[in-house]
file work27.pdb (PDB, C-alpha atoms and all ligand atoms)
ATOM      1  CA  MET A   1      25.626-112.751 163.823
ATOM      2  CA  LEU A   2      24.083-115.658 165.673
ATOM      3  CA  ARG A   3      26.143-117.372 168.324
ATOM      4  CA  GLU A   4      26.922-121.051 167.846
ATOM      5  CA  ASP A   5      24.472-122.029 170.590
ATOM      6  CA  GLN A   6      21.676-120.109 168.814
ATOM      7  CA  VAL A   7      22.382-121.941 165.555
ATOM      8  CA  ALA A   8      22.405-125.260 167.459
ATOM      9  CA  PHE A   9      19.125-124.305 169.183
ATOM     10  CA  TYR A  10      17.524-123.611 165.794
ATOM     11  CA  ARG A  11      18.731-126.938 164.384
ATOM     12  CA  ASP A  12      17.333-128.823 167.401
ATOM     13  CA  ASN A  13      14.098-126.914 167.964
ATOM     14  CA  GLY A  14      13.179-125.398 164.590
ATOM     15  CA  TYR A  15      12.720-121.863 165.885
ATOM     16  CA  LEU A  16      14.491-118.844 167.406
ATOM     17  CA  VAL A  17      13.641-115.408 168.772
ATOM     18  CA  ILE A  18      16.319-112.731 168.340
ATOM     19  CA  PRO A  19      15.854-109.331 170.006
ATOM     20  CA  ASP A  20      16.912-105.954 168.584
ATOM     21  CA  VAL A  21      17.549-106.969 164.986
ATOM     22  CA  PHE A  22      15.743-103.880 163.661
ATOM     23  CA  SER A  23      16.416-100.418 165.088
ATOM     24  CA  ALA A  24      13.929 -97.931 166.554
ATOM     25  CA  GLU A  25      14.439 -95.747 163.482
ATOM     26  CA  GLN A  26      13.642 -98.615 161.072
ATOM     27  CA  LEU A  27      10.540 -99.438 163.113
ATOM     28  CA  THR A  28       9.316 -95.843 163.057
ATOM     29  CA  ASP A  29       9.574 -95.806 159.258
ATOM     30  CA  LEU A  30       7.970 -99.242 158.852
ATOM     31  CA  ASN A  31       5.088 -98.345 161.184
ATOM     32  CA  ALA A  32       4.484 -94.998 159.463
ATOM     33  CA  VAL A  33       4.072 -96.746 156.099
ATOM     34  CA  THR A  34       1.990 -99.479 157.723
ATOM     35  CA  ASP A  35      -0.352 -96.828 159.171
ATOM     36  CA  THR A  36      -1.093 -95.653 155.620
ATOM     37  CA  PHE A  37      -2.297 -99.155 154.664
ATOM     38  CA  VAL A  38      -4.569 -99.290 157.716
ATOM     39  CA  GLU A  39      -5.982 -95.880 156.715
ATOM     40  CA  ARG A  40      -6.452 -97.059 153.130
ATOM     41  CA  SER A  41      -8.388-100.093 154.340
ATOM     42  CA  ARG A  42     -11.128 -97.768 155.642
ATOM     43  CA  ASP A  43     -12.164 -97.139 152.018
ATOM     44  CA  ILE A  44     -12.827-100.757 151.081
ATOM     45  CA  VAL A  45     -15.688-103.105 151.884
ATOM     46  CA  GLU A  46     -14.134-106.289 150.556
ATOM     47  CA  SER A  47     -10.608-107.670 150.306
ATOM     48  CA  ASP A  48      -8.684-106.690 147.185
ATOM     49  CA  THR A  49      -5.350-107.601 145.599
ATOM     50  CA  VAL A  50      -3.407-105.776 148.325
ATOM     51  CA  LEU A  51      -5.510-105.670 151.479
ATOM     52  CA  ASP A  52      -7.223-108.590 153.201
ATOM     53  CA  ILE A  53      -9.949-107.465 155.595
ATOM     54  CA  ALA A  54     -11.893-109.422 158.200
ATOM     55  CA  PRO A  55     -15.661-109.969 157.833
ATOM     56  CA  ASP A  56     -16.378-107.438 160.626
ATOM     57  CA  HIS A  57     -14.222-104.692 159.069
ATOM     58  CA  THR A  58     -15.768-101.204 158.882
ATOM     59  CA  ALA A  59     -14.473 -97.746 157.997
ATOM     60  CA  GLU A  60     -14.904 -96.670 161.621
ATOM     61  CA  VAL A  61     -13.235 -99.750 163.139
ATOM     62  CA  PRO A  62     -10.886-101.157 160.478
ATOM     63  CA  LYS A  63     -10.079-104.866 160.830
ATOM     64  CA  LEU A  64      -7.222-105.240 158.403
ATOM     65  CA  ARG A  65      -5.920-108.831 158.542
ATOM     66  CA  ARG A  66      -3.119-108.643 156.037
ATOM     67  CA  VAL A  67      -1.183-106.514 153.560
ATOM     68  CA  LYS A  68      -0.382-108.993 150.794
ATOM     69  CA  ASP A  69       3.108-109.135 149.249
ATOM     70  CA  PRO A  70       4.303-106.099 151.225
ATOM     71  CA  THR A  71       7.703-106.029 149.475
ATOM     72  CA  ARG A  72       5.834-105.237 146.235
ATOM     73  CA  GLN A  73       3.633-102.611 147.869
ATOM     74  CA  HIS A  74       6.338-100.357 149.315
ATOM     75  CA  GLU A  75      10.104-100.241 149.077
ATOM     76  CA  ILE A  76      10.453 -99.877 152.853
ATOM     77  CA  TYR A  77       9.295-103.500 153.246
ATOM     78  CA  ASP A  78      11.531-104.587 150.374
ATOM     79  CA  ARG A  79      14.494-102.965 152.105
ATOM     80  CA  ALA A  80      13.607-104.713 155.368
ATOM     81  CA  SER A  81      13.538-108.081 153.565
ATOM     82  CA  ARG A  82      17.119-107.462 152.373
ATOM     83  CA  ASP A  83      18.404-105.993 155.613
ATOM     84  CA  PRO A  84      22.151-106.763 155.812
ATOM     85  CA  ALA A  85      22.013-107.876 159.469
ATOM     86  CA  LEU A  86      19.152-110.208 158.606
ATOM     87  CA  LEU A  87      20.987-111.674 155.613
ATOM     88  CA  VAL A  88      23.961-112.602 157.788
ATOM     89  CA  ILE A  89      21.619-114.530 160.098
ATOM     90  CA  LEU A  90      19.884-116.214 157.153
ATOM     91  CA  GLN A  91      23.191-117.343 155.694
ATOM     92  CA  GLN A  92      24.119-118.950 158.991
ATOM     93  CA  LEU A  93      20.906-120.979 158.906
ATOM     94  CA  LEU A  94      20.360-121.614 155.186
ATOM     95  CA  GLY A  95      23.844-121.474 153.681
ATOM     96  CA  PRO A  96      25.481-118.844 151.482
ATOM     97  CA  SER A  97      22.893-118.683 148.655
ATOM     98  CA  ILE A  98      19.494-117.277 149.608
ATOM     99  CA  ARG A  99      16.320-116.604 147.656
ATOM    100  CA  PHE A 100      13.458-114.487 148.957
ATOM    101  CA  ASP A 101      10.306-116.555 148.624
ATOM    102  CA  HIS A 102       7.359-114.370 149.621
ATOM    103  CA  GLY A 103       6.119-111.955 152.257
ATOM    104  CA  LYS A 104       2.986-110.859 154.130
ATOM    105  CA  LEU A 105       2.167-108.407 156.883
ATOM    106  CA  ASN A 106      -0.299-109.938 159.324
ATOM    107  CA  PHE A 107      -2.302-107.851 161.775
ATOM    108  CA  LYS A 108      -4.247-108.713 164.861
ATOM    109  CA  PRO A 109      -6.245-105.628 165.723
ATOM    110  CA  VAL A 110      -7.189-104.789 169.303
ATOM    111  CA  GLY A 111     -10.261-106.792 170.295
ATOM    112  CA  GLY A 112      -9.594-109.941 168.314
ATOM    113  CA  GLY A 113      -7.863-110.624 165.074
ATOM    114  CA  ALA A 114      -7.927-113.877 163.202
ATOM    115  CA  THR A 115      -6.871-117.029 164.966
ATOM    116  CA  ILE A 116      -4.407-119.051 162.922
ATOM    117  CA  GLU A 117      -4.805-122.806 163.299
ATOM    118  CA  TRP A 118      -1.854-125.170 163.645
ATOM    119  CA  HIS A 119      -0.095-125.742 160.368
ATOM    120  CA  GLN A 120       3.264-126.218 158.666
ATOM    121  CA  ASP A 121       4.265-123.813 155.911
ATOM    122  CA  TRP A 122       5.783-126.839 154.171
ATOM    123  CA  ALA A 123       2.290-128.189 153.576
ATOM    124  CA  PHE A 124       1.570-125.079 151.448
ATOM    125  CA  TYR A 125       4.769-125.103 149.397
ATOM    126  CA  PRO A 126       6.806-128.334 149.340
ATOM    127  CA  HIS A 127      10.248-128.067 147.706
ATOM    128  CA  THR A 128      13.038-130.465 146.761
ATOM    129  CA  ASN A 129      14.716-129.753 150.102
ATOM    130  CA  ASP A 130      13.536-128.053 153.279
ATOM    131  CA  ASP A 131      16.253-125.437 153.745
ATOM    132  CA  MET A 132      13.555-122.817 154.079
ATOM    133  CA  LEU A 133      12.347-120.667 156.928
ATOM    134  CA  ALA A 134      10.127-117.745 157.804
ATOM    135  CA  VAL A 135      11.245-114.620 159.626
ATOM    136  CA  GLY A 136       8.652-112.648 161.587
ATOM    137  CA  LEU A 137       9.451-109.068 162.546
ATOM    138  CA  TYR A 138       7.329-107.590 165.334
ATOM    139  CA  LEU A 139       6.619-103.960 164.451
ATOM    140  CA  GLU A 140       5.058-103.442 167.905
ATOM    141  CA  ASP A 141       5.827-105.116 171.232
ATOM    142  CA  CYS A 142       4.052-108.462 171.265
ATOM    143  CA  GLY A 143       3.196-109.976 174.657
ATOM    144  CA  LEU A 144       1.299-113.140 175.516
ATOM    145  CA  GLU A 145      -2.026-111.277 175.320
ATOM    146  CA  ASN A 146      -1.381-110.018 171.767
ATOM    147  CA  GLY A 147      -1.626-113.381 169.984
ATOM    148  CA  PRO A 148       2.070-114.108 169.415
ATOM    149  CA  LEU A 149       3.229-116.812 167.057
ATOM    150  CA  GLN A 150       3.380-120.166 168.879
ATOM    151  CA  VAL A 151       5.536-123.094 167.829
ATOM    152  CA  ILE A 152       5.924-126.759 168.735
ATOM    153  CA  PRO A 153       9.629-127.308 169.382
ATOM    154  CA  GLY A 154      11.267-130.039 167.332
ATOM    155  CA  SER A 155       8.235-130.530 165.079
ATOM    156  CA  HIS A 156      10.376-129.593 162.053
ATOM    157  CA  THR A 157      11.971-133.043 162.107
ATOM    158  CA  GLY A 158       8.661-134.894 162.434
ATOM    159  CA  PRO A 159       6.030-135.797 159.855
ATOM    160  CA  VAL A 160       4.298-133.409 157.516
ATOM    161  CA  HIS A 161       0.810-133.533 158.972
ATOM    162  CA  ASP A 162      -2.399-133.930 157.018
ATOM    163  CA  HIS A 163      -3.719-130.460 156.112
ATOM    164  CA  HIS A 164      -6.731-131.792 154.182
ATOM    165  CA  HIS A 165     -10.377-131.992 155.144
ATOM    166  CA  ASN A 166     -13.071-133.633 153.017
ATOM    167  CA  GLY A 167     -10.472-134.155 150.275
ATOM    168  CA  VAL A 168      -9.607-130.449 150.034
ATOM    169  CA  PHE A 169      -6.428-128.677 151.178
ATOM    170  CA  VAL A 170      -7.529-126.463 154.096
ATOM    171  CA  GLY A 171      -4.110-125.273 155.314
ATOM    172  CA  ALA A 172      -4.596-126.480 158.887
ATOM    173  CA  SER A 173      -3.975-129.722 160.650
ATOM    174  CA  ASP A 174      -6.499-131.423 162.915
ATOM    175  CA  PRO A 175      -4.853-131.118 166.365
ATOM    176  CA  VAL A 176      -6.163-134.561 167.304
ATOM    177  CA  ALA A 177      -3.147-135.898 165.362
ATOM    178  CA  PHE A 178      -0.582-134.219 167.658
ATOM    179  CA  GLN A 179      -2.543-133.518 170.838
ATOM    180  CA  ASP A 180       0.264-134.904 173.006
ATOM    181  CA  ARG A 181       2.572-132.151 171.741
ATOM    182  CA  LEU A 182       0.232-129.182 172.329
ATOM    183  CA  PRO A 183       1.300-128.675 175.988
ATOM    184  CA  ASP A 184       4.867-128.131 174.694
ATOM    185  CA  ALA A 185       3.854-125.140 172.537
ATOM    186  CA  VAL A 186       6.076-122.094 173.062
ATOM    187  CA  PRO A 187       4.712-118.551 172.540
ATOM    188  CA  LEU A 188       7.255-116.385 170.712
ATOM    189  CA  THR A 189       6.758-113.038 172.423
ATOM    190  CA  GLY A 190       9.110-110.153 171.725
ATOM    191  CA  LYS A 191       9.691-106.430 171.811
ATOM    192  CA  ALA A 192       9.270-104.383 168.651
ATOM    193  CA  GLY A 193      12.333-105.000 166.482
ATOM    194  CA  SER A 194      12.687-108.625 167.579
ATOM    195  CA  ILE A 195      12.513-111.316 164.968
ATOM    196  CA  THR A 196      11.100-114.808 165.213
ATOM    197  CA  ILE A 197      12.433-117.516 162.923
ATOM    198  CA  HIS A 198      10.650-120.772 162.261
ATOM    199  CA  HIS A 199      11.707-123.644 160.044
ATOM    200  CA  VAL A 200       9.372-124.356 157.123
ATOM    201  CA  ARG A 201       8.274-127.653 158.746
ATOM    202  CA  THR A 202       7.754-126.289 162.281
ATOM    203  CA  MET A 203       4.151-126.545 163.483
ATOM    204  CA  HIS A 204       2.878-123.075 164.388
ATOM    205  CA  ALA A 205      -0.315-121.183 165.160
ATOM    206  CA  SER A 206      -1.550-118.061 166.948
ATOM    207  CA  THR A 207      -4.588-117.081 169.019
ATOM    208  CA  GLU A 208      -6.524-113.840 169.008
ATOM    209  CA  ASN A 209      -5.296-110.564 170.435
ATOM    210  CA  THR A 210      -6.912-109.915 173.819
ATOM    211  CA  GLY A 211      -4.578-107.032 174.656
ATOM    212  CA  ASP A 212      -4.951-103.307 174.102
ATOM    213  CA  ARG A 213      -2.182-103.034 171.500
ATOM    214  CA  GLU A 214      -2.392-104.038 167.832
ATOM    215  CA  ARG A 215      -0.142-106.941 166.788
ATOM    216  CA  ARG A 216       1.785-106.272 163.585
ATOM    217  CA  LEU A 217       3.897-109.156 162.298
ATOM    218  CA  LEU A 218       5.845-108.697 159.076
ATOM    219  CA  LEU A 219       6.597-112.186 157.745
ATOM    220  CA  PHE A 220       9.249-112.983 155.147
ATOM    221  CA  SER A 221       9.974-116.474 153.818
ATOM    222  CA  TYR A 222      13.375-117.441 152.429
ATOM    223  CA  ALA A 223      14.865-120.524 150.801
ATOM    224  CA  ALA A 224      18.264-121.900 149.882
ATOM    225  CA  VAL A 225      18.698-121.085 146.173
ATOM    226  CA  ASP A 226      18.799-124.796 145.294
ATOM    227  CA  ALA A 227      15.411-125.555 146.884
ATOM    228  CA  TRP A 228      13.047-125.946 143.926
ATOM    229  CA  PRO A 229       9.260-125.739 144.416
ATOM    230  CA  LEU A 230       7.344-128.920 143.595
ATOM    231  CA  TYR A 231       4.136-126.981 143.225
ATOM    232  CA  PRO A 232       3.423-124.663 141.501
ATOM    233  CA  GLN A 233       6.159-124.463 138.855
ATOM    234  CA  PRO A 234       7.724-120.980 138.985
ATOM    235  CA  ASP A 235       8.508-118.557 136.207
ATOM    236  CA  PHE A 236      12.284-119.096 135.961
ATOM    237  CA  GLU A 237      13.190-115.453 135.396
ATOM    238  CA  GLU A 238      10.984-114.128 138.183
ATOM    239  CA  PHE A 239      12.191-116.944 140.448
ATOM    240  CA  ASN A 240      15.838-116.027 139.913
ATOM    241  CA  SER A 241      15.149-112.298 140.252
ATOM    242  CA  ARG A 242      14.429-112.967 143.934
ATOM    243  CA  ILE A 243      17.935-114.302 144.650
ATOM    244  CA  LEU A 244      19.476-112.116 147.358
ATOM    245  CA  THR A 245      22.876-113.808 147.607
ATOM    246  CA  GLY A 246      24.498-116.423 145.331
ATOM    247  CA  SER A 247      23.727-117.449 141.751
ATOM    248  CA  PRO A 248      20.933-119.298 139.945
ATOM    249  CA  THR A 249      21.296-123.032 139.502
ATOM    250  CA  PHE A 250      19.913-125.660 137.115
ATOM    251  CA  GLU A 251      20.551-128.345 139.716
ATOM    252  CA  PRO A 252      18.001-128.388 142.532
ATOM    253  CA  ARG A 253      19.242-130.264 145.592
ATOM    254  CA  GLN A 254      17.017-133.183 146.582
ATOM    255  CA  THR A 255      16.862-134.517 150.116
ATOM    256  CA  ALA A 256      14.681-137.160 151.773
ATOM    257  CA  VAL A 257      11.859-134.861 152.824
ATOM    258  CA  PRO A 258       8.246-135.923 153.454
ATOM    259  CA  ILE A 259       5.891-134.434 150.874
ATOM    260  CA  ARG A 260       2.159-133.829 150.638
ATOM    261  CA  LEU A 261       0.614-131.738 147.904
ATOM    262  CA  PRO A 262      -1.642-128.753 148.734
ATOM    263  CA  LEU A 263      -4.242-129.902 146.233
ATOM    264  CA  PRO A 264      -7.017-129.411 145.438
ATOM    265  CA  PRO A 265      -7.441-125.920 146.926
ATOM    266  CA  VAL A 266     -10.542-124.575 148.662
ATOM    267  CA  GLU A 267     -12.666-122.879 145.992
ATOM    268  CA  ASN A 268     -12.157-119.098 145.797
ATOM    269  CA  ALA A 269      -9.646-119.151 148.666
ATOM    270  CA  ASP A 270      -7.260-116.245 148.580
ATOM    271  CA  SER A 271      -5.395-116.635 151.856
ATOM    272  CA  ILE A 272      -4.789-118.874 154.828
ATOM    273  CA  TYR A 273      -7.832-117.236 156.459
ATOM    274  CA  ASP A 274     -10.101-118.530 153.682
ATOM    275  CA  ASP A 275      -8.414-121.956 153.614
ATOM    276  CA  GLN A 276      -8.723-122.473 157.352
ATOM    277  CA  ALA A 277     -12.378-121.412 157.442
ATOM    278  CA  ALA A 278     -13.071-124.952 156.185
ATOM    279  CA  VAL A 279     -11.046-126.723 158.872
ATOM    280  CA  LEU A 280     -12.291-129.672 160.926
ATOM    281  CA  GLY A 281     -10.292-129.832 164.147
ATOM    282  CA  ARG A 282     -10.082-126.511 165.919
ATOM    283  CA  SER A 283      -7.388-125.823 168.479
ATOM    284  CA  PHE A 284      -8.787-122.422 169.335
ATOM    285  CA  ALA A 285     -12.261-120.931 169.427
ATOM    286  CA  ALA A 286     -13.342-119.960 165.918
TER     287      ALA A 286
HETATM  288  O1  LIG A 301       0.006-114.232 161.804
HETATM  289  C1  LIG A 301       0.261-115.242 162.437
HETATM  290  O2  LIG A 301       0.206-115.300 163.664
HETATM  291  C2  LIG A 301       0.730-116.514 161.769
HETATM  292  C3  LIG A 301       0.569-116.458 160.315
HETATM  293  C4  LIG A 301       0.953-117.673 159.596
HETATM  294  O3  LIG A 301       1.409-118.642 160.128
HETATM  295  C5  LIG A 301       0.780-117.659 158.151
HETATM  296  O4  LIG A 301       0.248-116.674 157.608
HETATM  297  O5  LIG A 301       1.185-118.674 157.523
END

call {"tool": "encode", "arguments": {"input": "work27.pdb", "output": "structure tokens"}}
result
Amino acid sequence: MLREDQVAFYRDNGYLVIPDVFSAEQLTDLNAVTDTFVERSRDIVESDTVLDIAPDHTAEVPKLRRVKDPTRQHEIYDRASRDPALLVILQQLLGPSIRFDHGKLNFKPVGGGATIEWHQDWAFYPHTNDDMLAVGLYLEDCGLENGPLQVIPGSHTGPVHDHHHNGVFVGASDPVAFQDRLPDAVPLTGKAGSITIHHVRTMHASTENTGDRERRLLLFSYAAVDAWPLYPQPDFEEFNSRILTGSPTFEPRQTAVPIRLPLPPVENADSIYDDQAAVLGRSFAA
């Protein structure tokens, strides 16, 4: 359980880091399965429905960027997304009724890894209310040199920034718009088994991995059951099948949240990496 001061910190700052949520045994199992996806990536030359590879990926030096929808790829990730200790924490932050939204497993291999530009998840999937957050589980220790997630404290109560460029949704915000806040950015480092939590409107980003250890970040997004997506419209049955605690509702809760639509998309974009390739303002070297 989170202490009261941790809950208050999250409400004020829009993020948290909690050590030791997952055990060494859970991490061993998660990493063993994850190794099999890295091995599998050696056989492909372009991204497919499961694996997203970087342009410089080769069989000899695999540059896997992401395992897509990990909870659908292996039950070990599904189990992690429903971990009882995690659910208790989520209920403290989101209320009693929780729906799993989506997941991804992002890598930053040794010697680089994709830079993620500043953005708000909310810009990708606005809902009727913003009781939504993302949990990041570090499968390996993640220090400053490994490209940890970075957040701008308190940005979850500010505006939803423009994530468009040339009239297209590029999934990144030009940092010129919030340059004064960049010095406040906090890197969320942590030992393997730690989790990061960021509110759906918190500005976040990450740089490349300059260390000698791979960064593996398993990301799960969750929502209060009564947060209804404005875009795209979900399949009601599939939507409700992802409820982890509580019951379906026909009454989405609406709050006064700022909204921008992630439309139109970049042509043929399949991930944030493709979206952000078209971005204008760059916070980090491309
Ligand atoms: O992998 C990262 O460092 C951040 C990823 C992220 O923010 C995203 O995929 O939306």

call {"tool": "closest_residue", "arguments": {"input": "work27.pdb", "among": "A:Pro96, A:Pro19, A:Pro62, A:Pro183", "to": "Lys108 (chain A)", "atoms": "only C-alpha atoms"}}
result
A:Pro62

call {"tool": "closest_residue", "arguments": {"input": "work27.pdb", "among": "A:Gln233, A:Asn129, A:Asn106, A:Ser247", "to": "ligand LIG 301 (chain A)", "atoms": "only C-alpha atoms and all ligand atoms"}}
result
A:Asn106

call {"tool": "residues_near_ligand", "arguments": {"input": "work27.pdb", "ligand": "ligand LIG 301 (chain A)", "cutoff": "7 Å", "atoms": "all atoms listed in the file", "output": "list in words"}}
result
Asn106, Phe107, Ile116, Asp121, Gly147, Pro148, Leu149, His204, Ala205, Ser206, Leu217 and Ile272 of chain A

call {"tool": "write_last_selection", "arguments": {"input": "work27.pdb", "atoms": "C-alpha atoms", "output": "tab-separated table (two decimals), in the frame of the given file"}}
result
chain	number	residue	atom	x	y	z
A	106	ASN	CA	-0.30	-109.94	159.32
A	107	PHE	CA	-2.30	-107.85	161.78
A	116	ILE	CA	-4.41	-119.05	162.92
A	121	ASP	CA	4.26	-123.81	155.91
A	147	GLY	CA	-1.63	-113.38	169.98
A	148	PRO	CA	2.07	-114.11	169.42
A	149	LEU	CA	3.23	-116.81	167.06
A	204	HIS	CA	2.88	-123.08	164.39
A	205	ALA	CA	-0.32	-121.18	165.16
A	206	SER	CA	-1.55	-118.06	166.95
A	217	LEU	CA	3.90	-109.16	162.30
A	272	ILE	CA	-4.79	-118.87	154.83

call {"tool": "closest_residue", "arguments": {"input": "work27.pdb", "among": "A:Val257, A:Leu30, A:Ala269, A:Val225", "to": "Leu244 (chain A)", "atoms": "all atoms listed in the file"}}
result
A:Val225

call {"tool": "atom_distance", "arguments": {"input": "work27.pdb", "atom1": "CA of Thr34 (chain A)", "atom2": "CA of His57 (chain A)"}}
result
17.1 Å

call {"tool": "atom_distance", "arguments": {"input": "work27.pdb", "atom1": "CA of Leu51 (chain A)", "atom2": "CA of Ser221 (chain A)"}}
result
19.0 Å

call {"tool": "closest_residue", "arguments": {"input": "work27.pdb", "among": "A:Asn166, A:Ser173, A:Gln150, A:Thr207", "to": "Pro265 (chain A)", "atoms": "all atoms listed in the file"}}
result
A:Asn166

call {"tool": "closest_residue", "arguments": {"input": "work27.pdb", "among": "A:Leu16, A:Met203, A:Leu90, A:Ala223", "to": "Gly171 (chain A)", "atoms": "only C-alpha atoms"}}
result
A:Met203

call {"tool": "resolve_selection", "arguments": {"input": "work27.pdb", "expression": "the PyMOL selection byres (((chain A and resi 279) around 9) and not hetatm)", "output": "PyMOL selection string"}}
result
chain A and resi 117+163-165+170-174+275-278+280-282

call {"tool": "residues_around", "arguments": {"input": "work27.pdb", "residues": "Ser81 (chain A)", "least_positions_apart": "6", "cutoff": "8 Å", "atoms": "only C-alpha atoms", "output": "VMD selection string"}}
result
chain A and resid 71 100 220

call {"tool": "build_atoms", "arguments": {"input": "work27.pdb", "residues": "region 191-205 of chain A", "atoms": "N, CA and C atoms", "output": "PDB file, in the coordinates of the input"}}
result
ATOM      1  N   LYS A 191       9.803-107.886 171.945  1.00  0.00           N
ATOM      2  CA  LYS A 191       9.691-106.430 171.811  1.00  0.00           C
ATOM      3  C   LYS A 191       9.690-106.068 170.332  1.00  0.00           C
ATOM      4  N   ALA A 192       9.179-104.877 170.025  1.00  0.00           N
ATOM      5  CA  ALA A 192       9.270-104.383 168.651  1.00  0.00           C
ATOM      6  C   ALA A 192      10.733-104.420 168.213  1.00  0.00           C
ATOM      7  N   GLY A 193      10.961-104.902 166.992  1.00  0.00           N
ATOM      8  CA  GLY A 193      12.333-105.000 166.482  1.00  0.00           C
ATOM      9  C   GLY A 193      12.921-106.378 166.639  1.00  0.00           C
ATOM     10  N   SER A 194      12.244-107.230 167.453  1.00  0.00           N
ATOM     11  CA  SER A 194      12.687-108.625 167.579  1.00  0.00           C
ATOM     12  C   SER A 194      12.252-109.377 166.334  1.00  0.00           C
ATOM     13  N   ILE A 195      12.995-110.420 166.023  1.00  0.00           N
ATOM     14  CA  ILE A 195      12.513-111.316 164.968  1.00  0.00           C
ATOM     15  C   ILE A 195      12.297-112.720 165.535  1.00  0.00           C
ATOM     16  N   THR A 196      11.286-113.384 164.969  1.00  0.00           N
ATOM     17  CA  THR A 196      11.100-114.808 165.213  1.00  0.00           C
ATOM     18  C   THR A 196      11.590-115.504 163.941  1.00  0.00           C
ATOM     19  N   ILE A 197      12.076-116.711 164.099  1.00  0.00           N
ATOM     20  CA  ILE A 197      12.433-117.516 162.923  1.00  0.00           C
ATOM     21  C   ILE A 197      11.812-118.886 163.139  1.00  0.00           C
ATOM     22  N   HIS A 198      11.090-119.377 162.147  1.00  0.00           N
ATOM     23  CA  HIS A 198      10.650-120.772 162.261  1.00  0.00           C
ATOM     24  C   HIS A 198      10.944-121.521 160.968  1.00  0.00           C
ATOM     25  N   HIS A 199      11.393-122.746 161.161  1.00  0.00           N
ATOM     26  CA  HIS A 199      11.707-123.644 160.044  1.00  0.00           C
ATOM     27  C   HIS A 199      10.423-123.920 159.275  1.00  0.00           C
ATOM     28  N   VAL A 200      10.555-124.179 157.984  1.00  0.00           N
ATOM     29  CA  VAL A 200       9.372-124.356 157.123  1.00  0.00           C
ATOM     30  C   VAL A 200       8.508-125.553 157.545  1.00  0.00           C
ATOM     31  N   ARG A 201       9.081-126.493 158.321  1.00  0.00           N
ATOM     32  CA  ARG A 201       8.274-127.653 158.746  1.00  0.00           C
ATOM     33  C   ARG A 201       7.816-127.538 160.198  1.00  0.00           C
ATOM     34  N   THR A 202       8.162-126.454 160.872  1.00  0.00           N
ATOM     35  CA  THR A 202       7.754-126.289 162.281  1.00  0.00           C
ATOM     36  C   THR A 202       6.254-126.027 162.380  1.00  0.00           C
ATOM     37  N   MET A 203       5.580-126.768 163.238  1.00  0.00           N
ATOM     38  CA  MET A 203       4.151-126.545 163.483  1.00  0.00           C
ATOM     39  C   MET A 203       3.998-125.212 164.206  1.00  0.00           C
ATOM     40  N   HIS A 204       3.096-124.360 163.717  1.00  0.00           N
ATOM     41  CA  HIS A 204       2.878-123.075 164.388  1.00  0.00           C
ATOM     42  C   HIS A 204       1.426-122.635 164.250  1.00  0.00           C
ATOM     43  N   ALA A 205       1.073-121.655 165.077  1.00  0.00           N
ATOM     44  CA  ALA A 205      -0.315-121.183 165.160  1.00  0.00           C
ATOM     45  C   ALA A 205      -0.292-119.854 165.912  1.00  0.00           C
TER      46      ALA A 205
END
